[in-house]
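For reference, work03.cif (mmCIF, C-alpha atoms):
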data_coords
#
loop_
_atom_site.label_atom_id
_atom_site.label_comp_id
_atom_site.auth_asym_id
_atom_site.auth_seq_id
_atom_site.Cartn_x
_atom_site.Cartn_y
_atom_site.Cartn_z
CA MET A 6 -2.78 9.20 -5.06
CA CYS A 7 -2.11 6.73 -2.23
CA THR A 8 -0.22 5.99 0.96
CA ALA A 9 1.02 2.55 2.05
CA ILE A 10 2.61 1.55 5.35
CA ALA A 11 4.17 -1.49 7.01
CA TYR A 12 3.74 -1.68 10.79
CA LYS A 13 4.73 -4.16 13.47
CA THR A 14 3.43 -4.68 16.99
CA LYS A 15 3.11 -8.27 18.20
CA ASP A 16 2.06 -9.20 14.64
CA PHE A 17 2.99 -7.67 11.31
CA TYR A 18 0.48 -5.40 9.55
CA PHE A 19 0.46 -4.08 6.01
CA GLY A 20 -2.00 -1.80 4.24
CA ARG A 21 -2.76 1.41 2.46
CA ASN A 22 -5.10 4.24 1.54
CA MET A 23 -6.36 4.00 -2.02
CA ASP A 24 -6.90 7.58 -3.17
CA TYR A 25 -8.58 8.19 -6.50
CA GLU A 26 -11.52 10.01 -8.04
CA TYR A 27 -13.56 6.90 -8.87
CA SER A 28 -13.77 3.20 -8.10
CA TYR A 29 -13.31 0.23 -10.42
CA GLN A 30 -15.70 -1.87 -8.29
CA GLU A 31 -12.80 -3.63 -6.62
CA SER A 32 -13.35 -6.53 -4.23
CA VAL A 33 -11.49 -8.21 -1.41
CA THR A 34 -10.13 -11.18 -3.33
CA VAL A 35 -8.73 -14.47 -2.08
CA THR A 36 -6.59 -16.36 -4.58
CA PRO A 37 -6.19 -20.00 -3.43
CA ARG A 38 -3.07 -22.06 -4.01
CA ASN A 39 -4.31 -23.84 -7.11
CA TYR A 40 -5.71 -20.90 -9.07
CA PRO A 41 -3.61 -20.98 -12.28
CA PHE A 42 -1.63 -17.85 -13.05
CA ASN A 43 -0.64 -17.75 -16.72
CA PHE A 44 1.76 -14.87 -17.11
CA ARG A 45 2.13 -13.20 -20.50
CA LYS A 46 5.89 -13.73 -20.83
CA ALA A 47 6.98 -15.27 -17.52
CA GLY A 48 5.50 -18.74 -17.85
CA SER A 49 2.74 -20.24 -15.75
CA MET A 50 2.25 -20.80 -12.03
CA PRO A 51 -0.38 -23.52 -11.46
CA GLN A 52 0.45 -23.80 -7.74
CA HIS A 53 1.63 -20.98 -5.50
CA HIS A 54 1.20 -19.33 -2.12
CA ALA A 55 -2.37 -18.29 -1.40
CA MET A 56 -3.00 -14.55 -1.09
CA ILE A 57 -5.64 -12.04 -0.08
CA GLY A 58 -5.97 -8.42 -1.09
CA MET A 59 -7.92 -5.80 -2.97
CA ALA A 60 -8.31 -6.45 -6.68
CA TYR A 61 -10.24 -5.39 -9.72
CA VAL A 62 -11.20 -8.73 -11.26
CA VAL A 63 -11.44 -8.77 -15.05
CA GLU A 64 -12.08 -11.93 -17.07
CA ASP A 65 -11.53 -13.96 -13.89
CA TYR A 66 -8.06 -12.43 -13.42
CA PRO A 67 -7.26 -10.49 -10.21
CA LEU A 68 -5.62 -7.16 -10.90
CA TYR A 69 -4.31 -6.68 -7.38
CA TYR A 70 -3.81 -3.21 -5.94
CA ASP A 71 -2.39 -4.66 -2.73
CA ALA A 72 -2.15 -8.11 -1.18
CA VAL A 73 -0.42 -10.30 1.39
CA ASN A 74 0.31 -13.98 1.00
CA GLU A 75 -0.16 -16.79 3.48
CA LYS A 76 3.53 -16.60 4.47
CA GLY A 77 3.29 -13.00 5.68
CA LEU A 78 4.75 -11.09 2.72
CA GLY A 79 2.87 -7.99 1.57
CA MET A 80 3.01 -5.90 -1.59
CA ALA A 81 1.20 -2.82 -2.91
CA GLY A 82 1.37 -0.83 -6.13
CA LEU A 83 1.02 2.96 -5.92
CA ASN A 84 0.60 5.54 -8.63
CA PHE A 85 3.92 6.88 -9.95
CA PRO A 86 2.94 9.10 -12.91
CA GLY A 87 5.61 10.82 -14.96
CA ASN A 88 8.32 8.56 -13.56
CA ALA A 89 7.28 4.94 -14.08
CA PHE A 90 8.60 3.53 -17.34
CA TYR A 91 8.05 0.04 -18.69
CA MET A 92 10.65 -1.35 -21.09
CA PRO A 93 10.35 -3.49 -24.22
CA GLU A 94 10.91 -7.17 -23.54
CA GLU A 95 14.51 -8.19 -22.89
CA LYS A 96 16.00 -11.61 -23.51
CA GLY A 97 17.56 -13.32 -20.52
CA LYS A 98 15.29 -11.53 -18.06
CA ASP A 99 12.01 -12.40 -16.35
CA ASN A 100 9.69 -10.17 -18.38
CA VAL A 101 6.76 -9.36 -16.10
CA ALA A 102 3.85 -7.02 -16.81
CA SER A 103 2.99 -4.45 -14.18
CA PHE A 104 -0.51 -5.88 -13.69
CA GLU A 105 0.90 -9.33 -12.85
CA PHE A 106 3.84 -8.16 -10.73
CA ILE A 107 2.09 -8.58 -7.34
CA PRO A 108 0.95 -12.21 -7.84
CA TRP A 109 4.25 -13.05 -9.55
CA VAL A 110 6.16 -12.01 -6.41
CA LEU A 111 3.69 -13.10 -3.73
CA GLY A 112 3.01 -16.41 -5.42
CA GLN A 113 6.67 -17.46 -5.22
CA CYS A 114 8.21 -15.67 -2.24
CA ALA A 115 7.72 -16.48 1.43
CA ASP A 116 9.67 -13.49 2.76
CA LEU A 117 11.56 -10.36 1.82
CA ALA A 118 14.87 -12.21 1.39
CA GLN A 119 13.32 -14.43 -1.29
CA ALA A 120 11.75 -11.39 -2.96
CA ARG A 121 15.12 -9.63 -3.17
CA LYS A 122 16.59 -12.71 -4.85
CA LEU A 123 13.70 -13.03 -7.30
CA LEU A 124 13.95 -9.37 -8.29
CA GLU A 125 17.54 -9.77 -9.48
CA ARG A 126 16.24 -10.94 -12.86
CA VAL A 127 12.98 -9.03 -13.14
CA HIS A 128 12.27 -6.77 -16.11
CA LEU A 129 9.02 -4.80 -15.99
CA ALA A 130 7.86 -5.02 -19.58
CA ASP A 131 5.51 -2.74 -21.47
CA ILE A 132 2.59 -5.15 -21.73
CA SER A 133 -1.08 -4.16 -21.54
CA PHE A 134 -3.72 -6.34 -19.92
CA SER A 135 -6.06 -5.51 -22.81
CA PRO A 136 -6.58 -2.75 -25.39
CA GLU A 137 -8.93 -1.08 -22.91
CA LEU A 138 -6.55 -1.43 -19.91
CA SER A 139 -3.12 0.01 -20.61
CA PRO A 140 -0.34 -0.31 -17.99
CA SER A 141 -0.77 1.92 -14.95
CA PRO A 142 2.34 3.93 -13.95
CA LEU A 143 3.26 2.32 -10.64
CA HIS A 144 5.98 1.72 -8.10
CA TRP A 145 5.76 -0.87 -5.33
CA ILE A 146 6.43 -1.47 -1.67
CA ILE A 147 7.22 -5.05 -0.61
CA ALA A 148 7.41 -5.82 3.11
CA ASP A 149 7.45 -8.50 5.77
CA LYS A 150 7.96 -8.43 9.54
CA ASN A 151 11.69 -7.84 9.10
CA GLY A 152 11.68 -4.86 6.74
CA SER A 153 10.57 -3.36 3.47
CA ILE A 154 11.90 -2.40 0.03
CA ILE A 155 10.72 -0.12 -2.75
CA VAL A 156 10.77 -1.15 -6.42
CA GLU A 157 10.80 1.56 -9.09
CA GLN A 158 11.47 1.35 -12.80
CA THR A 159 12.13 4.63 -14.60
CA LYS A 160 13.86 5.47 -17.86
CA ALA A 161 17.13 5.10 -15.92
CA GLY A 162 16.28 1.44 -15.23
CA LEU A 163 15.12 -0.70 -12.33
CA ARG A 164 16.00 0.46 -8.82
CA ILE A 165 15.40 -1.40 -5.57
CA TYR A 166 15.67 0.72 -2.43
CA GLU A 167 15.92 -0.39 1.17
CA ASP A 168 13.10 1.32 3.04
CA PRO A 169 13.92 2.06 6.70
CA VAL A 170 10.63 3.92 7.22
CA GLY A 171 8.09 1.44 5.90
CA VAL A 172 6.07 4.13 4.10
CA LEU A 173 5.43 4.86 0.43
CA THR A 174 3.34 7.52 -1.30
CA ASN A 175 3.69 8.66 -4.92
CA ASN A 176 6.03 11.23 -6.46
CA PRO A 177 8.87 12.16 -6.38
CA PRO A 178 11.01 8.98 -6.59
CA PHE A 179 11.65 7.21 -3.30
CA ASP A 180 15.26 8.32 -2.78
CA GLN A 181 14.11 11.95 -2.95
CA GLN A 182 11.23 11.26 -0.56
CA LEU A 183 13.61 9.71 1.94
CA PHE A 184 16.15 12.54 1.59
CA ASN A 185 13.40 15.12 2.17
CA LEU A 186 12.99 13.82 5.74
CA ASN A 187 16.26 15.63 6.55
CA ASN A 188 14.29 18.87 6.39
CA TYR A 189 12.11 17.73 9.29
CA MET A 190 14.64 16.23 11.70
CA GLY A 191 13.82 18.90 14.28
CA LEU A 192 10.23 17.74 14.70
CA SER A 193 9.33 15.89 17.86
CA ALA A 194 6.38 14.48 19.72
CA LYS A 195 7.81 16.09 22.86
CA THR A 196 7.14 19.59 24.16
CA PRO A 197 9.67 21.96 22.56
CA GLU A 198 12.20 24.13 24.38
CA ASN A 199 12.97 27.75 23.56
CA ARG A 200 16.08 27.66 21.41
CA PHE A 201 15.13 30.70 19.36
CA SER A 202 16.85 33.22 21.65
CA GLU A 203 17.88 33.47 25.28
CA ASP A 204 16.78 37.11 25.19
CA LEU A 205 13.13 36.26 24.53
CA GLU A 206 10.71 34.70 26.96
CA LEU A 207 8.96 32.36 24.55
CA SER A 208 6.42 29.92 25.96
CA VAL A 209 4.54 26.81 24.95
CA TYR A 210 0.90 27.78 24.53
CA SER A 211 -0.46 24.51 23.13
CA ARG A 212 0.15 20.80 23.16
CA GLY A 213 1.68 19.36 20.01
CA MET A 214 4.01 22.28 19.26
CA GLY A 215 6.98 19.94 18.93
CA ALA A 216 5.57 18.96 15.54
CA MET A 217 5.05 22.50 14.23
CA GLY A 218 6.21 22.51 10.63
CA LEU A 219 4.82 19.04 9.92
CA PRO A 220 3.13 19.27 6.49
CA GLY A 221 -0.62 19.15 6.46
CA ASP A 222 -1.41 19.43 2.76
CA LEU A 223 -2.43 16.46 0.60
CA SER A 224 0.44 16.38 -1.88
CA SER A 225 2.25 13.06 -2.08
CA ALA A 226 5.54 14.56 -0.80
CA SER A 227 3.78 16.05 2.23
CA ARG A 228 1.77 12.91 2.91
CA TYR A 229 5.00 10.93 2.93
CA VAL A 230 6.48 13.16 5.64
CA LYS A 231 3.33 13.16 7.74
CA ALA A 232 2.76 9.41 7.43
CA ALA A 233 6.42 8.75 8.26
CA PHE A 234 6.31 11.02 11.33
CA THR A 235 3.03 9.55 12.53
CA LYS A 236 4.12 5.94 12.01
CA MET A 237 7.62 6.35 13.46
CA ASN A 238 6.23 8.00 16.60
CA SER A 239 3.22 5.70 16.88
CA ILE A 240 2.72 3.78 20.13
CA SER A 241 0.25 0.91 20.12
CA GLY A 242 -0.76 -1.91 22.37
CA SER A 243 0.04 -5.37 21.06
CA SER A 244 -3.48 -6.80 20.93
CA GLU A 245 -5.23 -7.28 17.59
CA PHE A 246 -7.85 -4.59 18.17
CA GLU A 247 -5.31 -2.08 19.50
CA SER A 248 -3.00 -2.74 16.56
CA ILE A 249 -5.58 -2.41 13.79
CA SER A 250 -7.12 0.65 15.46
CA GLN A 251 -3.73 2.34 15.56
CA PHE A 252 -3.03 1.33 11.96
CA PHE A 253 -6.23 2.97 10.73
CA GLN A 254 -5.45 6.05 12.81
CA ILE A 255 -2.10 6.37 11.04
CA LEU A 256 -3.78 6.05 7.64
CA GLY A 257 -6.42 8.53 8.75
CA SER A 258 -3.77 11.18 9.31
CA VAL A 259 -3.23 11.35 5.52
CA ALA A 260 -6.72 10.48 4.25
CA GLN A 261 -8.31 12.62 1.54
CA GLN A 262 -11.73 14.21 1.89
CA ARG A 263 -14.04 14.95 -1.01
CA GLY A 264 -13.68 18.54 -2.12
CA CYS A 265 -10.07 19.12 -1.02
CA VAL A 266 -8.28 17.74 -4.12
CA GLN A 267 -9.99 18.70 -7.38
CA VAL A 268 -8.79 16.72 -10.39
CA GLY A 269 -11.36 17.87 -12.95
CA GLU A 270 -14.63 19.71 -13.25
CA GLY A 271 -16.82 18.26 -10.50
CA MET A 272 -14.27 15.48 -9.85
CA TYR A 273 -12.42 15.09 -6.54
CA GLU A 274 -9.89 12.61 -5.29
CA ILE A 275 -10.96 10.81 -2.12
CA THR A 276 -9.73 7.91 -0.03
CA ILE A 277 -11.86 5.23 -1.68
CA TYR A 278 -10.81 2.60 0.84
CA SER A 279 -8.30 2.06 3.63
CA CYS A 280 -7.03 -1.40 4.46
CA CYS A 281 -4.97 -3.09 7.13
CA CYS A 282 -4.00 -6.73 6.81
CA ASN A 283 -2.66 -8.82 9.64
CA ALA A 284 -0.08 -10.53 7.47
CA ASP A 285 0.68 -13.16 10.12
CA ARG A 286 -2.94 -14.30 10.31
CA GLY A 287 -4.17 -13.53 6.80
CA ILE A 288 -7.01 -11.25 7.96
CA TYR A 289 -7.83 -8.32 5.68
CA TYR A 290 -9.56 -5.37 7.37
CA TYR A 291 -10.96 -2.43 5.44
CA THR A 292 -13.09 0.70 5.59
CA THR A 293 -14.53 2.69 2.68
CA TYR A 294 -15.17 6.39 2.20
CA GLU A 295 -18.85 6.04 3.08
CA ASN A 296 -18.45 3.21 5.60
CA SER A 297 -16.14 3.89 8.52
CA GLN A 298 -16.98 0.61 10.28
CA ILE A 299 -14.13 -1.90 9.97
CA THR A 300 -15.00 -5.03 7.96
CA ALA A 301 -12.82 -8.16 8.02
CA VAL A 302 -12.20 -11.09 5.67
CA ASP A 303 -10.14 -14.07 6.90
CA MET A 304 -8.41 -15.94 4.09
CA HIS A 305 -8.04 -19.03 6.24
CA ARG A 306 -11.81 -19.44 6.40
CA GLU A 307 -11.72 -20.18 2.68
CA ASP A 308 -10.62 -23.35 0.90
CA LEU A 309 -7.02 -22.42 0.15
CA GLU A 310 -6.53 -25.66 -1.79
CA GLY A 311 -9.15 -24.53 -4.28
CA SER A 312 -8.70 -23.23 -7.80
CA GLN A 313 -11.36 -20.50 -7.98
CA LEU A 314 -11.11 -16.89 -6.89
CA VAL A 315 -13.21 -15.90 -3.87
CA LEU A 316 -14.58 -12.35 -4.06
CA TYR A 317 -16.12 -10.17 -1.37
CA PRO A 318 -17.64 -6.94 -2.74
CA LEU A 319 -16.98 -3.94 -0.53
CA ILE A 320 -19.62 -2.95 2.00
CA GLU A 321 -19.86 0.72 1.11
CA GLY A 322 -22.97 1.97 2.91
CA GLN A 323 -22.41 3.50 6.34
CA GLN A 324 -22.89 1.02 9.20
CA ILE A 325 -24.04 2.59 12.47
CA HIS A 326 -24.35 0.79 15.78
CA TRP A 327 -27.29 2.25 17.72
CA GLN A 328 -26.95 2.23 21.50
CA ASN A 329 -30.57 3.12 22.31
#
Would you mind writing the file out in structure tokens?
Amino acid sequence: MCTAIAYKTKDFYFGRNMDYEYSYQESVTVTPRNYPFNFRKAGSMPQHHAMIGMAYVVEDYPLYYDAVNEKGLGMAGLNFPGNAFYMPEEKGKDNVASFEFIPWVLGQCADLAQARKLLERVHLADISFSPELSPSPLHWIIADKNGSIIVEQTKAGLRIYEDPVGVLTNNPPFDQQLFNLNNYMGLSAKTPENRFSEDLELSVYSRGMGAMGLPGDLSSASRYVKAAFTKMNSISGSSEFESISQFFQILGSVAQQRGCVQVGEGMYEITIYSCCCNADRGIYYYTTYENSQITAVDMHREDLEGSQLVLYPLIEGQQIHWQN
């Protein structure tokens, strides 16, 4: 499963934890403005906004997990099993496959307002990338410095939710995730007061007791609550290093460790990578499960007028800085 967040200090940051039991050998991928996107049913896009993100590249096509474009708009797809439903093609709509949804939006839209307008005609069609790669069951978070929305298509149809939290995990559907926060309105970063009974002398015996009851398990519903609490109470300096450090700390609060979530015999879900992109500057930062040192790729150091994908394989081995 996964967790994505949108976060603003001086600049706007967007990123996620990618949680799964194995990797597809994904790479940090820069798509320049003149790389031709030929969509299956939605026409072609020979020129578009440049973008950077994490993608599994197959047959020279970037299957983006998450990305931001040069205008500062970010988008990520997260697993939504049992709920995501892709429809047969529909006339009069923009029929878009799930695997091309991220570049279709980020290639055309400079901000969230344009994305909302574009989505008025979208129809997520049941189209496979190939016989070997069937559509993944996904829902999406789209965000810029002014806000974020969630896009979900179920058997009931396409729904677009305003997201006041700037957090997305997996199941249940987003409206239920958001409603569930009502159960935790009593949590606080502050030291609690005794409201249990005036007849009992109850005392605070530890720091952090204002957040007692905050979920700590790794289910998607619990990760949503914890990520939302951590992000909404997060205080960060405005510098680049302070901001990205705080962003990774927020993601770290819901990271998955090998052995804690078993998904099959000898198979465990882990946080394969965590990423944080400064969407204003086009810098993509990431860590991997085995490499906790932050690595950065700056899209503006590439030829954004080019027509070829630029790939940076992940640095996965642990990097240690020796002081003696």
Contact check, range 259-289 of chain A to range 6-28 of chain A, at most 8 Å, counting all atoms listed in the file, closest pairs as JSON lines:
{"residue": "A:Val259", "atom": "CA", "partner": "A:Thr8", "partner_atom": "CA", "distance": 7.7}
{"residue": "A:Ala260", "atom": "CA", "partner": "A:Asn22", "partner_atom": "CA", "distance": 7.0}
{"residue": "A:Gln261", "atom": "CA", "partner": "A:Asp24", "partner_atom": "CA", "distance": 7.0}
{"residue": "A:Val268", "atom": "CA", "partner": "A:Glu26", "partner_atom": "CA", "distance": 7.6}
{"residue": "A:Met272", "atom": "CA", "partner": "A:Glu26", "partner_atom": "CA", "distance": 6.4}
{"residue": "A:Tyr273", "atom": "CA", "partner": "A:Glu26", "partner_atom": "CA", "distance": 5.4}
{"residue": "A:Glu274", "atom": "CA", "partner": "A:Glu26", "partner_atom": "CA", "distance": 4.1}
{"residue": "A:Ile275", "atom": "CA", "partner": "A:Asp24", "partner_atom": "CA", "distance": 5.3}
{"residue": "A:Thr276", "atom": "CA", "partner": "A:Asp24", "partner_atom": "CA", "distance": 4.2}
{"residue": "A:Ile277", "atom": "CA", "partner": "A:Met23", "partner_atom": "CA", "distance": 5.6}
{"residue": "A:Tyr278", "atom": "CA", "partner": "A:Met23", "partner_atom": "CA", "distance": 5.5}
{"residue": "A:Ser279", "atom": "CA", "partner": "A:Asn22", "partner_atom": "CA", "distance": 4.4}
{"residue": "A:Cys280", "atom": "CA", "partner": "A:Gly20", "partner_atom": "CA", "distance": 5.1}
{"residue": "A:Cys281", "atom": "CA", "partner": "A:Gly20", "partner_atom": "CA", "distance": 4.3}
{"residue": "A:Cys282", "atom": "CA", "partner": "A:Phe19", "partner_atom": "CA", "distance": 5.2}
{"residue": "A:Asn283", "atom": "CA", "partner": "A:Tyr18", "partner_atom": "CA", "distance": 4.6}
{"residue": "A:Ala284", "atom": "CA", "partner": "A:Tyr18", "partner_atom": "CA", "distance": 5.6}
{"residue": "A:Asp285", "atom": "CA", "partner": "A:Phe17", "partner_atom": "CA", "distance": 6.1}
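Of the listed residues A:Gly152, A:Pro41, A:Pro136, A:Pro93, the one whose atoms come nearest to Val170 in chain A is A:Gly152, with distances taken using all atoms listed in the file.
Nearest to Met56 in chain A of all the residues A:Thr159, A:Gln254, A:Phe44, A:Thr36 is A:Thr36, based on only C-alpha atoms.
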Would you mind listing, for every residue of range 123-179 of chain A within 6 Å of range 84-88 of chain A, the two atoms forming the shortest contact and the distance between them in Å to one decimal, using all atoms listed in the file, sorted by chain and ascending residue number, as JSON lines?
{"residue": "A:Pro142", "atom": "CA", "partner": "A:Phe85", "partner_atom": "CA", "distance": 5.2}
{"residue": "A:Leu143", "atom": "CA", "partner": "A:Asn84", "partner_atom": "CA", "distance": 4.6}
{"residue": "A:His144", "atom": "CA", "partner": "A:Phe85", "partner_atom": "CA", "distance": 5.9}
{"residue": "A:Thr159", "atom": "CA", "partner": "A:Asn88", "partner_atom": "CA", "distance": 5.6}
{"residue": "A:Asn175", "atom": "CA", "partner": "A:Phe85", "partner_atom": "CA", "distance": 5.3}
{"residue": "A:Asn176", "atom": "CA", "partner": "A:Phe85", "partner_atom": "CA", "distance": 6.0}
Give me a file of those residues, with C-alpha atoms, as a CSV table (one decimal), in the coordinates of the input.
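This is the output file result_6.csv:
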chain,number,residue,atom,x,y,z
A,142,PRO,CA,2.3,3.9,-14.0
A,143,LEU,CA,3.3,2.3,-10.6
A,144,HIS,CA,6.0,1.7,-8.1
A,159,THR,CA,12.1,4.6,-14.6
A,175,ASN,CA,3.7,8.7,-4.9
A,176,ASN,CA,6.0,11.2,-6.5
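Residues lying within 12 Å of Asn188 in chain A, counting all atoms listed in the file and ignoring same-chain neighbours fewer than 6 positions away, are Gln181, Gln182, Gly218, Leu219, Pro220, Ser227 and Val230 of chain A.
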Any chance you could resolve the PyMOL selection byres ((chain A and resi 192) around 9) against this file and give the residues as a PyMOL selection string? chain A and resi 189-191+193-195+197+214-219+234
Write out, as a PDB file, in the frame of the given file, the residues just selected, with C-alpha atoms.
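selection08.pdb, freshly written:
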ATOM      1  CA  TYR A 189      12.110  17.730   9.290  1.00  0.00           C
ATOM      2  CA  MET A 190      14.640  16.230  11.700  1.00  0.00           C
ATOM      3  CA  GLY A 191      13.820  18.900  14.280  1.00  0.00           C
ATOM      4  CA  SER A 193       9.330  15.890  17.860  1.00  0.00           C
ATOM      5  CA  ALA A 194       6.380  14.480  19.720  1.00  0.00           C
ATOM      6  CA  LYS A 195       7.810  16.090  22.860  1.00  0.00           C
ATOM      7  CA  PRO A 197       9.670  21.960  22.560  1.00  0.00           C
ATOM      8  CA  MET A 214       4.010  22.280  19.260  1.00  0.00           C
ATOM      9  CA  GLY A 215       6.980  19.940  18.930  1.00  0.00           C
ATOM     10  CA  ALA A 216       5.570  18.960  15.540  1.00  0.00           C
ATOM     11  CA  MET A 217       5.050  22.500  14.230  1.00  0.00           C
ATOM     12  CA  GLY A 218       6.210  22.510  10.630  1.00  0.00           C
ATOM     13  CA  LEU A 219       4.820  19.040   9.920  1.00  0.00           C
ATOM     14  CA  PHE A 234       6.310  11.020  11.330  1.00  0.00           C
TER      15      PHE A 234
END
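The interatomic distance for the pair CA of Trp145 in chain A and CA of Gly82 in chain A works out to 4.5 Å.
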Name all residues at most 8 Å from range 114-130 of chain A (count all atoms listed in the file; drop same-chain ones fewer than 4 positions away) and give them as a ChimeraX atom specification. /A:54,74,76-78,91-95,98-103,110,147-149,151-153,158,163
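Proximity of A:Phe104, A:Tyr166, A:Phe184, A:Ser312 to Ser139 in chain A, computed with all atoms listed in the file, is greatest for A:Phe104.
The space between CA of Asp65 in chain A and CA of Ile132 in chain A spans 18.4 Å.
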Report as a VMD selection string the full result of the PyMOL selection byres ((chain A and resi 250) around 12) when it is applied to this structure. chain A and resid 14 18 239 to 249 251 to 257 279 to 283 290 to 292 297 to 299
